[in-house]
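Shown below: start05.pdb, with PDB, C-alpha atoms.
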ATOM      1  CA  MET H   1      10.838  40.112  18.492  1.00  0.00           C
ATOM      2  CA  LYS H   2      10.645  39.281  22.189  1.00  0.00           C
ATOM      3  CA  ASN H   3       6.862  38.946  21.979  1.00  0.00           C
ATOM      4  CA  LEU H   4       7.267  36.613  19.021  1.00  0.00           C
ATOM      5  CA  ASP H   5       9.717  34.536  21.050  1.00  0.00           C
ATOM      6  CA  LYS H   6       7.114  34.241  23.783  1.00  0.00           C
ATOM      7  CA  LEU H   7       4.497  33.101  21.308  1.00  0.00           C
ATOM      8  CA  LEU H   8       6.866  30.480  19.968  1.00  0.00           C
ATOM      9  CA  GLY H   9       7.915  29.437  23.454  1.00  0.00           C
ATOM     10  CA  GLU H  10      11.545  30.320  22.831  1.00  0.00           C
ATOM     11  CA  ASP H  11      12.004  31.898  26.256  1.00  0.00           C
ATOM     12  CA  GLU H  12      10.768  28.848  28.154  1.00  0.00           C
ATOM     13  CA  PRO H  13      13.257  26.743  30.112  1.00  0.00           C
ATOM     14  CA  LYS H  14      14.778  24.008  28.004  1.00  0.00           C
ATOM     15  CA  ALA H  15      15.766  21.750  30.869  1.00  0.00           C
ATOM     16  CA  ASN H  16      13.305  19.083  29.738  1.00  0.00           C
ATOM     17  CA  TRP H  17      14.566  19.032  26.174  1.00  0.00           C
ATOM     18  CA  ARG H  18      16.751  16.079  25.276  1.00  0.00           C
ATOM     19  CA  THR H  19      19.100  15.681  22.346  1.00  0.00           C
ATOM     20  CA  ILE H  20      18.343  12.617  20.239  1.00  0.00           C
ATOM     21  CA  THR H  21      21.469  10.708  19.282  1.00  0.00           C
ATOM     22  CA  LEU H  22      22.192   8.172  16.565  1.00  0.00           C
ATOM     23  CA  GLY H  23      22.240   5.580  19.313  1.00  0.00           C
ATOM     24  CA  ASP H  24      18.670   6.498  20.260  1.00  0.00           C
ATOM     25  CA  ILE H  25      17.568   6.137  16.645  1.00  0.00           C
ATOM     26  CA  ALA H  26      19.315   2.774  16.292  1.00  0.00           C
ATOM     27  CA  SER H  27      17.799   1.549  19.552  1.00  0.00           C
ATOM     28  CA  ASN H  28      14.318   2.649  18.503  1.00  0.00           C
ATOM     29  CA  PHE H  29      14.692   0.930  15.144  1.00  0.00           C
ATOM     30  CA  THR H  30      15.937  -2.279  16.794  1.00  0.00           C
ATOM     31  CA  GLU H  31      13.024  -2.332  19.226  1.00  0.00           C
ATOM     32  CA  SER H  32      10.562  -1.624  16.419  1.00  0.00           C
ATOM     33  CA  PHE H  33      12.010  -4.389  14.274  1.00  0.00           C
ATOM     34  CA  ARG H  34      11.855  -6.805  17.223  1.00  0.00           C
ATOM     35  CA  PHE H  35       8.197  -5.909  17.777  1.00  0.00           C
ATOM     36  CA  ILE H  36       7.424  -6.644  14.111  1.00  0.00           C
ATOM     37  CA  TRP H  37       9.421  -9.883  14.084  1.00  0.00           C
ATOM     38  CA  LYS H  38       7.642 -11.239  17.167  1.00  0.00           C
ATOM     39  CA  SER H  39       4.199 -10.379  15.829  1.00  0.00           C
ATOM     40  CA  PRO H  40       2.491 -13.032  13.642  1.00  0.00           C
ATOM     41  CA  LEU H  41       0.283 -10.244  12.338  1.00  0.00           C
ATOM     42  CA  PHE H  42       3.020  -7.863  11.250  1.00  0.00           C
ATOM     43  CA  LYS H  43       5.395 -10.463   9.827  1.00  0.00           C
ATOM     44  CA  SER H  44       2.679 -11.404   7.349  1.00  0.00           C
ATOM     45  CA  PHE H  45       1.764  -7.728   6.991  1.00  0.00           C
ATOM     46  CA  VAL H  46       5.261  -6.839   5.777  1.00  0.00           C
ATOM     47  CA  LEU H  47       5.216  -9.625   3.176  1.00  0.00           C
ATOM     48  CA  MET H  48       1.725  -8.649   2.046  1.00  0.00           C
ATOM     49  CA  MET H  49       2.704  -5.019   1.559  1.00  0.00           C
ATOM     50  CA  PHE H  50       6.015  -6.009  -0.026  1.00  0.00           C
ATOM     51  CA  PHE H  51       4.292  -7.965  -2.794  1.00  0.00           C
ATOM     52  CA  TRP H  52       1.698  -5.219  -3.253  1.00  0.00           C
ATOM     53  CA  ASN H  53       4.448  -2.667  -3.829  1.00  0.00           C
ATOM     54  CA  MET H  54       6.381  -5.196  -5.915  1.00  0.00           C
ATOM     55  CA  SER H  55       3.625  -5.378  -8.528  1.00  0.00           C
ATOM     56  CA  SER H  56       4.555  -3.854 -11.869  1.00  0.00           C
ATOM     57  CA  ILE H  57       0.989  -2.715 -12.519  1.00  0.00           C
ATOM     58  CA  ASN H  58       1.177   0.749 -11.028  1.00  0.00           C
ATOM     59  CA  GLN H  59       0.886   4.016 -12.894  1.00  0.00           C
ATOM     60  CA  ASN H  60       4.383   5.200 -12.004  1.00  0.00           C
ATOM     61  CA  HIS H  61       6.154   1.938 -12.866  1.00  0.00           C
ATOM     62  CA  PRO H  62       8.210   1.203 -16.011  1.00  0.00           C
ATOM     63  CA  THR H  63       5.917  -1.527 -17.371  1.00  0.00           C
ATOM     64  CA  VAL H  64       2.813   0.648 -17.577  1.00  0.00           C
ATOM     65  CA  THR H  65       4.755   3.583 -19.005  1.00  0.00           C
ATOM     66  CA  HIS H  66       6.456   1.420 -21.638  1.00  0.00           C
ATOM     67  CA  TYR H  67       3.234  -0.309 -22.675  1.00  0.00           C
ATOM     68  CA  PHE H  68       1.144   2.789 -23.233  1.00  0.00           C
ATOM     69  CA  SER H  69       3.780   5.321 -24.280  1.00  0.00           C
ATOM     70  CA  ILE H  70       6.082   3.173 -26.408  1.00  0.00           C
ATOM     71  CA  LEU H  71       4.365  -0.069 -27.372  1.00  0.00           C
ATOM     72  CA  LYS H  72       0.945   1.497 -28.046  1.00  0.00           C
ATOM     73  CA  ASN H  73       2.237   4.981 -28.978  1.00  0.00           C
ATOM     74  CA  PHE H  74      -0.095   6.864 -26.675  1.00  0.00           C
ATOM     75  CA  SER H  75       0.370  10.618 -26.733  1.00  0.00           C
ATOM     76  CA  PRO H  76       1.154  12.373 -23.425  1.00  0.00           C
ATOM     77  CA  GLU H  77      -2.483  13.485 -23.292  1.00  0.00           C
ATOM     78  CA  GLN H  78      -3.762   9.936 -23.813  1.00  0.00           C
ATOM     79  CA  PHE H  79      -1.371   8.505 -21.249  1.00  0.00           C
ATOM     80  CA  GLY H  80      -2.371  11.215 -18.796  1.00  0.00           C
ATOM     81  CA  LEU H  81      -6.001  10.213 -19.282  1.00  0.00           C
ATOM     82  CA  VAL H  82      -5.114   6.602 -18.455  1.00  0.00           C
ATOM     83  CA  ILE H  83      -3.410   7.659 -15.230  1.00  0.00           C
ATOM     84  CA  SER H  84      -6.383   9.865 -14.350  1.00  0.00           C
ATOM     85  CA  LEU H  85      -8.650   6.863 -14.897  1.00  0.00           C
ATOM     86  CA  PHE H  86      -6.554   4.793 -12.482  1.00  0.00           C
ATOM     87  CA  GLN H  87      -6.701   7.536  -9.863  1.00  0.00           C
ATOM     88  CA  GLY H  88     -10.405   8.177 -10.386  1.00  0.00           C
ATOM     89  CA  PHE H  89     -11.434   4.593  -9.678  1.00  0.00           C
ATOM     90  CA  GLY H  90      -9.042   4.526  -6.734  1.00  0.00           C
ATOM     91  CA  PHE H  91     -10.800   7.584  -5.353  1.00  0.00           C
ATOM     92  CA  ILE H  92     -14.150   5.809  -5.682  1.00  0.00           C
ATOM     93  CA  GLY H  93     -12.686   2.918  -3.687  1.00  0.00           C
ATOM     94  CA  LEU H  94     -11.865   5.250  -0.799  1.00  0.00           C
ATOM     95  CA  PHE H  95     -15.522   6.208  -0.468  1.00  0.00           C
ATOM     96  CA  LEU H  96     -16.626   2.576  -0.640  1.00  0.00           C
ATOM     97  CA  ALA H  97     -14.113   1.356   1.950  1.00  0.00           C
ATOM     98  CA  GLY H  98     -16.063   2.223   5.089  1.00  0.00           C
ATOM     99  CA  PRO H  99     -19.379   0.719   3.933  1.00  0.00           C
ATOM    100  CA  CYS H 100     -17.577  -2.427   2.728  1.00  0.00           C
ATOM    101  CA  TYR H 101     -15.921  -3.076   6.094  1.00  0.00           C
ATOM    102  CA  GLN H 102     -19.119  -2.316   7.990  1.00  0.00           C
ATOM    103  CA  LYS H 103     -21.276  -4.561   5.812  1.00  0.00           C
ATOM    104  CA  TRP H 104     -19.035  -7.598   5.340  1.00  0.00           C
ATOM    105  CA  GLY H 105     -16.678  -7.411   8.311  1.00  0.00           C
ATOM    106  CA  PHE H 106     -12.939  -7.022   8.311  1.00  0.00           C
ATOM    107  CA  LEU H 107     -11.919 -10.512   7.152  1.00  0.00           C
ATOM    108  CA  ASN H 108     -14.237 -10.670   4.151  1.00  0.00           C
ATOM    109  CA  ALA H 109     -13.803  -7.069   3.027  1.00  0.00           C
ATOM    110  CA  PHE H 110     -10.033  -6.987   3.457  1.00  0.00           C
ATOM    111  CA  VAL H 111      -9.288 -10.249   1.661  1.00  0.00           C
ATOM    112  CA  GLY H 112     -12.069  -9.648  -0.846  1.00  0.00           C
ATOM    113  CA  ALA H 113     -10.503  -6.325  -1.818  1.00  0.00           C
ATOM    114  CA  THR H 114      -7.185  -7.986  -2.645  1.00  0.00           C
ATOM    115  CA  LEU H 115      -8.963 -10.693  -4.641  1.00  0.00           C
ATOM    116  CA  TRP H 116     -10.856  -7.981  -6.533  1.00  0.00           C
ATOM    117  CA  LEU H 117      -7.560  -6.266  -7.304  1.00  0.00           C
ATOM    118  CA  ALA H 118      -5.783  -9.437  -8.427  1.00  0.00           C
ATOM    119  CA  ALA H 119      -8.729 -10.874 -10.372  1.00  0.00           C
ATOM    120  CA  PHE H 120      -9.637  -7.795 -12.400  1.00  0.00           C
ATOM    121  CA  THR H 121      -5.979  -7.080 -13.105  1.00  0.00           C
ATOM    122  CA  SER H 122      -5.474 -10.636 -14.354  1.00  0.00           C
ATOM    123  CA  LEU H 123      -8.639 -10.560 -16.466  1.00  0.00           C
ATOM    124  CA  SER H 124      -7.598  -7.280 -18.050  1.00  0.00           C
ATOM    125  CA  LEU H 125      -4.407  -8.927 -19.343  1.00  0.00           C
ATOM    126  CA  LEU H 126      -6.571 -11.062 -21.633  1.00  0.00           C
ATOM    127  CA  PHE H 127      -7.066  -7.819 -23.578  1.00  0.00           C
ATOM    128  CA  PHE H 128      -3.368  -7.040 -23.861  1.00  0.00           C
ATOM    129  CA  ASN H 129      -3.744  -6.007 -27.501  1.00  0.00           C
ATOM    130  CA  SER H 130      -6.647  -3.663 -26.716  1.00  0.00           C
ATOM    131  CA  PRO H 131      -5.055  -0.881 -24.679  1.00  0.00           C
ATOM    132  CA  TYR H 132      -8.290   0.950 -23.875  1.00  0.00           C
ATOM    133  CA  VAL H 133      -9.942  -2.182 -22.503  1.00  0.00           C
ATOM    134  CA  LEU H 134      -6.768  -3.051 -20.606  1.00  0.00           C
ATOM    135  CA  ALA H 135      -6.626   0.435 -19.119  1.00  0.00           C
ATOM    136  CA  PHE H 136     -10.253   0.284 -17.997  1.00  0.00           C
ATOM    137  CA  GLY H 137      -9.788  -3.185 -16.470  1.00  0.00           C
ATOM    138  CA  ILE H 138      -6.753  -2.111 -14.468  1.00  0.00           C
ATOM    139  CA  ALA H 139      -8.508   1.093 -13.417  1.00  0.00           C
ATOM    140  CA  PHE H 140     -11.530  -0.897 -12.226  1.00  0.00           C
ATOM    141  CA  SER H 141      -9.222  -3.059 -10.106  1.00  0.00           C
ATOM    142  CA  LYS H 142      -8.048   0.061  -8.258  1.00  0.00           C
ATOM    143  CA  ILE H 143     -11.334   0.133  -6.343  1.00  0.00           C
ATOM    144  CA  GLY H 144     -10.138  -2.984  -4.523  1.00  0.00           C
ATOM    145  CA  SER H 145      -6.714  -1.443  -4.034  1.00  0.00           C
ATOM    146  CA  SER H 146      -8.169   1.523  -2.150  1.00  0.00           C
ATOM    147  CA  VAL H 147     -10.455  -0.609   0.019  1.00  0.00           C
ATOM    148  CA  PHE H 148      -7.452  -2.783   0.843  1.00  0.00           C
ATOM    149  CA  SER H 149      -5.148   0.136   1.653  1.00  0.00           C
ATOM    150  CA  THR H 150      -7.732   1.621   4.019  1.00  0.00           C
ATOM    151  CA  GLY H 151      -7.704  -1.667   5.917  1.00  0.00           C
ATOM    152  CA  THR H 152      -3.909  -1.626   6.192  1.00  0.00           C
ATOM    153  CA  PHE H 153      -4.106   1.838   7.725  1.00  0.00           C
ATOM    154  CA  TYR H 154      -6.646   0.624  10.277  1.00  0.00           C
ATOM    155  CA  ILE H 155      -4.486  -2.360  11.231  1.00  0.00           C
ATOM    156  CA  ARG H 156      -1.493  -0.158  11.913  1.00  0.00           C
ATOM    157  CA  GLN H 157      -3.574   2.322  13.891  1.00  0.00           C
ATOM    158  CA  THR H 158      -5.109  -0.312  16.157  1.00  0.00           C
ATOM    159  CA  HIS H 159      -2.401  -2.958  16.584  1.00  0.00           C
ATOM    160  CA  VAL H 160       0.678  -0.856  17.254  1.00  0.00           C
ATOM    161  CA  PRO H 161       1.042   0.383  20.861  1.00  0.00           C
ATOM    162  CA  ARG H 162       0.686   4.157  20.990  1.00  0.00           C
ATOM    163  CA  ALA H 163       4.150   4.591  22.506  1.00  0.00           C
ATOM    164  CA  ARG H 164       5.690   2.717  19.559  1.00  0.00           C
ATOM    165  CA  MET H 165       3.483   4.152  16.829  1.00  0.00           C
ATOM    166  CA  GLY H 166       6.093   6.347  15.143  1.00  0.00           C
ATOM    167  CA  GLY H 167       9.000   3.912  15.234  1.00  0.00           C
ATOM    168  CA  VAL H 168       7.059   0.795  14.238  1.00  0.00           C
ATOM    169  CA  ASN H 169       5.221   2.504  11.389  1.00  0.00           C
ATOM    170  CA  ALA H 170       8.468   3.969  10.072  1.00  0.00           C
ATOM    171  CA  CYS H 171      10.121   0.550  10.270  1.00  0.00           C
ATOM    172  CA  LEU H 172       7.180  -1.126   8.541  1.00  0.00           C
ATOM    173  CA  ARG H 173       7.207   1.355   5.675  1.00  0.00           C
ATOM    174  CA  MET H 174      10.957   1.064   5.264  1.00  0.00           C
ATOM    175  CA  LEU H 175      10.732  -2.730   5.014  1.00  0.00           C
ATOM    176  CA  PHE H 176       7.906  -3.013   2.508  1.00  0.00           C
ATOM    177  CA  MET H 177       8.834   0.057   0.459  1.00  0.00           C
ATOM    178  CA  LEU H 178      12.075  -1.711  -0.469  1.00  0.00           C
ATOM    179  CA  ALA H 179       9.941  -3.580  -2.989  1.00  0.00           C
ATOM    180  CA  THR H 180       9.477  -0.556  -5.255  1.00  0.00           C
ATOM    181  CA  PRO H 181      13.134  -0.016  -6.255  1.00  0.00           C
ATOM    182  CA  ILE H 182      13.631  -3.775  -6.587  1.00  0.00           C
ATOM    183  CA  SER H 183      10.588  -4.041  -8.838  1.00  0.00           C
ATOM    184  CA  CYS H 184      11.625  -1.051 -10.945  1.00  0.00           C
ATOM    185  CA  PHE H 185      14.996  -2.743 -11.476  1.00  0.00           C
ATOM    186  CA  ILE H 186      13.427  -6.061 -12.516  1.00  0.00           C
ATOM    187  CA  GLN H 187      10.717  -4.686 -14.806  1.00  0.00           C
ATOM    188  CA  PRO H 188      12.950  -3.230 -17.568  1.00  0.00           C
ATOM    189  CA  ILE H 189      14.815  -6.540 -17.720  1.00  0.00           C
ATOM    190  CA  LEU H 190      11.558  -8.446 -18.166  1.00  0.00           C
ATOM    191  CA  VAL H 191      10.299  -5.982 -20.783  1.00  0.00           C
ATOM    192  CA  GLU H 192      13.561  -5.999 -22.721  1.00  0.00           C
ATOM    193  CA  HIS H 193      14.069  -9.772 -22.806  1.00  0.00           C
ATOM    194  CA  PHE H 194      10.560 -11.220 -22.511  1.00  0.00           C
ATOM    195  CA  GLY H 195       8.152  -8.436 -23.467  1.00  0.00           C
ATOM    196  CA  SER H 196       5.652  -6.220 -21.696  1.00  0.00           C
ATOM    197  CA  LEU H 197       3.087  -8.988 -21.266  1.00  0.00           C
ATOM    198  CA  THR H 198       5.532 -11.025 -19.185  1.00  0.00           C
ATOM    199  CA  SER H 199       6.162  -8.032 -16.961  1.00  0.00           C
ATOM    200  CA  PHE H 200       2.415  -7.512 -16.579  1.00  0.00           C
ATOM    201  CA  VAL H 201       1.992 -11.185 -15.620  1.00  0.00           C
ATOM    202  CA  PHE H 202       4.765 -10.738 -13.062  1.00  0.00           C
ATOM    203  CA  GLY H 203       2.772  -7.868 -11.576  1.00  0.00           C
ATOM    204  CA  ALA H 204      -0.425  -9.914 -11.486  1.00  0.00           C
ATOM    205  CA  LEU H 205       1.342 -12.778  -9.701  1.00  0.00           C
ATOM    206  CA  CYS H 206       2.572 -10.315  -7.091  1.00  0.00           C
ATOM    207  CA  LEU H 207      -1.033  -9.266  -6.502  1.00  0.00           C
ATOM    208  CA  TRP H 208      -2.120 -12.884  -6.017  1.00  0.00           C
ATOM    209  CA  ALA H 209       0.711 -13.248  -3.490  1.00  0.00           C
ATOM    210  CA  THR H 210      -0.665 -10.133  -1.801  1.00  0.00           C
ATOM    211  CA  SER H 211      -4.046 -11.863  -1.512  1.00  0.00           C
ATOM    212  CA  TYR H 212      -2.448 -14.922   0.055  1.00  0.00           C
ATOM    213  CA  PHE H 213      -0.700 -12.920   2.752  1.00  0.00           C
ATOM    214  CA  ALA H 214      -3.770 -10.715   3.211  1.00  0.00           C
ATOM    215  CA  LEU H 215      -5.668 -13.846   4.230  1.00  0.00           C
ATOM    216  CA  LYS H 216      -3.010 -14.618   6.849  1.00  0.00           C
ATOM    217  CA  VAL H 217      -3.049 -11.025   8.079  1.00  0.00           C
ATOM    218  CA  ALA H 218      -6.839 -10.937   8.304  1.00  0.00           C
ATOM    219  CA  LYS H 219      -6.957 -14.194  10.257  1.00  0.00           C
ATOM    220  CA  SER H 220      -4.305 -12.945  12.688  1.00  0.00           C
ATOM    221  CA  TYR H 221      -6.234  -9.703  13.033  1.00  0.00           C
ATOM    222  CA  SER H 222      -9.508 -11.505  13.718  1.00  0.00           C
ATOM    223  CA  ASP H 223      -7.867 -13.772  16.300  1.00  0.00           C
ATOM    224  CA  SER H 224      -6.083 -10.912  18.039  1.00  0.00           C
ATOM    225  CA  LYS H 225      -7.310  -9.806  21.453  1.00  0.00           C
ATOM    226  CA  LEU H 226      -5.503  -6.484  21.333  1.00  0.00           C
ATOM    227  CA  VAL H 227      -8.492  -4.771  19.741  1.00  0.00           C
ATOM    228  CA  LYS H 228     -12.051  -5.762  20.576  1.00  0.00           C
ATOM    229  CA  GLU H 229     -13.874  -2.977  18.792  1.00  0.00           C
ATOM    230  CA  GLY H 230     -15.257  -3.375  15.276  1.00  0.00           C
ATOM    231  CA  VAL H 231     -14.503  -1.398  12.164  1.00  0.00           C
ATOM    232  CA  ASP H 232     -17.296   1.126  12.588  1.00  0.00           C
ATOM    233  CA  ASN H 233     -14.827   3.984  12.949  1.00  0.00           C
ATOM    234  CA  ILE H 234     -12.928   3.376   9.729  1.00  0.00           C
ATOM    235  CA  ASN H 235     -12.484   6.665   7.917  1.00  0.00           C
ATOM    236  CA  PRO H 236     -13.034   5.870   4.229  1.00  0.00           C
ATOM    237  CA  THR H 237     -10.977   8.877   3.160  1.00  0.00           C
ATOM    238  CA  LEU H 238      -7.808   7.556   4.755  1.00  0.00           C
ATOM    239  CA  ALA H 239      -5.412   5.201   3.019  1.00  0.00           C
ATOM    240  CA  ALA H 240      -2.061   3.690   3.977  1.00  0.00           C
TER     241      ALA H 240
END
Written as structure tokens, how would this file's structure read?
Amino acid sequence: MKNLDKLLGEDEPKANWRTITLGDIASNFTESFRFIWKSPLFKSFVLMMFFWNMSSINQNHPTVTHYFSILKNFSPEQFGLVISLFQGFGFIGLFLAGPCYQKWGFLNAFVGATLWLAAFTSLSLLFFNSPYVLAFGIAFSKIGSSVFSTGTFYIRQTHVPRARMGGVNACLRMLFMLATPISCFIQPILVEHFGSLTSFVFGALCLWATSYFALKVAKSYSDSKLVKEGVDNINPTLAA
């Protein structure tokens, strides 16, 4: 057991270890929030990600589940195939992300990906009564979603000081992930009182709002002097 303790470092002096208090956590969160608030880039970034997560057109959201499982009476196997289709096209987008950013540059690829997502999602709603066409259209839009999410990862990796990386990223995720429970509360109300199509339109509008804030984020990113390197090192297998 003693040898195991040595391997684990248990017998080393613990004089340098420091207990983290609730005050430390609160202070770190406050500093992280202040960093985000003072940054033109990250204020827009939070709103962009908030609307992206707010969209009802995600495979684990009530609107999609209700439409395919209840309104169109898809069997569990059929619905599972739809979700697999969404994920499959998203996976393709991860492989295309790096080449897209290298070929068209950050501004064009980043904003273009959100426009791809919003446009193909909106067009697919024209086939609301044809569930297979709708499913394919939404799945096709997920290519843009993956290219976009890879860009968000790169922004956070390059524009947050290394010493603040953990706290700022945690604060960012906490702020924009609030959109998911809010959206999942709103969606059943829209479906119940106005129908699934209205809830889908709500999701599409959120994606167009994402595109708007993505443009602001991309411009702030391009104007920033914090990072002078290009996007050659983007790892296409990484997503936010």
Which is closest to Phe68 in chain H among H:Val82, H:Ala119, H:Ala109, H:Leu215, if we use all atoms listed in the file? H:Val82
Report, in Å to a single decimal, how far apart CA of Ala209 in chain H and CA of Leu47 in chain H are. 8.8 Å
Long-range neighbours of Val64 in chain H as number ranges by chain, 10 Å cut-off, all atoms listed in the file, 4 positions minimum in chain: H: 56-60, 68-71, 79, 82-83, 135, 187, 196, 199-200
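The space separating CA of Phe91 in chain H from CA of Ser146 in chain H comes to 7.3 Å.
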H:Gln157, H:Asn129, H:Asn169, H:Ser211: which is nearest Gly144 in chain H, counting only C-alpha atoms? H:Ser211
For range 170-183 of chain H, find every residue with an atom within 12 Å (counting all atoms listed in the file), except residues of its own chain fewer than 4 positions away, and show them as a PyMOL selection string. chain H and resi 25-26+28-37+42-58+60-63+152-153+156+160+164-166+187-190+199-200+202-203+206+210+240
List, as a PDB file with C-alpha atoms, in the coordinates of the input, every residue that the PyMOL selection byres ((chain H and resi 218) around 9) selects in the file provided.
ATOM      1  CA  LEU H  41       0.283 -10.244  12.338  1.00  0.00           C
ATOM      2  CA  PHE H 106     -12.939  -7.022   8.311  1.00  0.00           C
ATOM      3  CA  LEU H 107     -11.919 -10.512   7.152  1.00  0.00           C
ATOM      4  CA  ASN H 108     -14.237 -10.670   4.151  1.00  0.00           C
ATOM      5  CA  PHE H 110     -10.033  -6.987   3.457  1.00  0.00           C
ATOM      6  CA  VAL H 111      -9.288 -10.249   1.661  1.00  0.00           C
ATOM      7  CA  PHE H 213      -0.700 -12.920   2.752  1.00  0.00           C
ATOM      8  CA  ALA H 214      -3.770 -10.715   3.211  1.00  0.00           C
ATOM      9  CA  LEU H 215      -5.668 -13.846   4.230  1.00  0.00           C
ATOM     10  CA  LYS H 216      -3.010 -14.618   6.849  1.00  0.00           C
ATOM     11  CA  VAL H 217      -3.049 -11.025   8.079  1.00  0.00           C
ATOM     12  CA  LYS H 219      -6.957 -14.194  10.257  1.00  0.00           C
ATOM     13  CA  SER H 220      -4.305 -12.945  12.688  1.00  0.00           C
ATOM     14  CA  TYR H 221      -6.234  -9.703  13.033  1.00  0.00           C
ATOM     15  CA  SER H 222      -9.508 -11.505  13.718  1.00  0.00           C
ATOM     16  CA  ASP H 223      -7.867 -13.772  16.300  1.00  0.00           C
TER      17      ASP H 223
END
Ranking H:Trp116, H:Phe95, H:Gly137, H:Thr158 by minimum distance to Trp208 in chain H and counting all atoms listed in the file, which one comes first?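 When distances to Trp208 in chain H are compared using all atoms listed in the file, the smallest one comes from H:Trp116.
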Can you work out the spacing between CA of Ser130 in chain H and CA of Gln78 in chain H in Å, to one decimal?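 These two atoms are separated by 14.2 Å.
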The PyMOL selection byres ((chain H and resi 87) around 12) on the file shown: which residues, as a PDB file with C-alpha atoms, in the frame of the given file?
ATOM      1  CA  ASN H  58       1.177   0.749 -11.028  1.00  0.00           C
ATOM      2  CA  GLN H  59       0.886   4.016 -12.894  1.00  0.00           C
ATOM      3  CA  ASN H  60       4.383   5.200 -12.004  1.00  0.00           C
ATOM      4  CA  GLY H  80      -2.371  11.215 -18.796  1.00  0.00           C
ATOM      5  CA  LEU H  81      -6.001  10.213 -19.282  1.00  0.00           C
ATOM      6  CA  VAL H  82      -5.114   6.602 -18.455  1.00  0.00           C
ATOM      7  CA  ILE H  83      -3.410   7.659 -15.230  1.00  0.00           C
ATOM      8  CA  SER H  84      -6.383   9.865 -14.350  1.00  0.00           C
ATOM      9  CA  LEU H  85      -8.650   6.863 -14.897  1.00  0.00           C
ATOM     10  CA  PHE H  86      -6.554   4.793 -12.482  1.00  0.00           C
ATOM     11  CA  GLY H  88     -10.405   8.177 -10.386  1.00  0.00           C
ATOM     12  CA  PHE H  89     -11.434   4.593  -9.678  1.00  0.00           C
ATOM     13  CA  GLY H  90      -9.042   4.526  -6.734  1.00  0.00           C
ATOM     14  CA  PHE H  91     -10.800   7.584  -5.353  1.00  0.00           C
ATOM     15  CA  ILE H  92     -14.150   5.809  -5.682  1.00  0.00           C
ATOM     16  CA  GLY H  93     -12.686   2.918  -3.687  1.00  0.00           C
ATOM     17  CA  LEU H  94     -11.865   5.250  -0.799  1.00  0.00           C
ATOM     18  CA  ALA H 135      -6.626   0.435 -19.119  1.00  0.00           C
ATOM     19  CA  PHE H 136     -10.253   0.284 -17.997  1.00  0.00           C
ATOM     20  CA  ILE H 138      -6.753  -2.111 -14.468  1.00  0.00           C
ATOM     21  CA  ALA H 139      -8.508   1.093 -13.417  1.00  0.00           C
ATOM     22  CA  PHE H 140     -11.530  -0.897 -12.226  1.00  0.00           C
ATOM     23  CA  SER H 141      -9.222  -3.059 -10.106  1.00  0.00           C
ATOM     24  CA  LYS H 142      -8.048   0.061  -8.258  1.00  0.00           C
ATOM     25  CA  ILE H 143     -11.334   0.133  -6.343  1.00  0.00           C
ATOM     26  CA  SER H 145      -6.714  -1.443  -4.034  1.00  0.00           C
ATOM     27  CA  SER H 146      -8.169   1.523  -2.150  1.00  0.00           C
TER      28      SER H 146
END
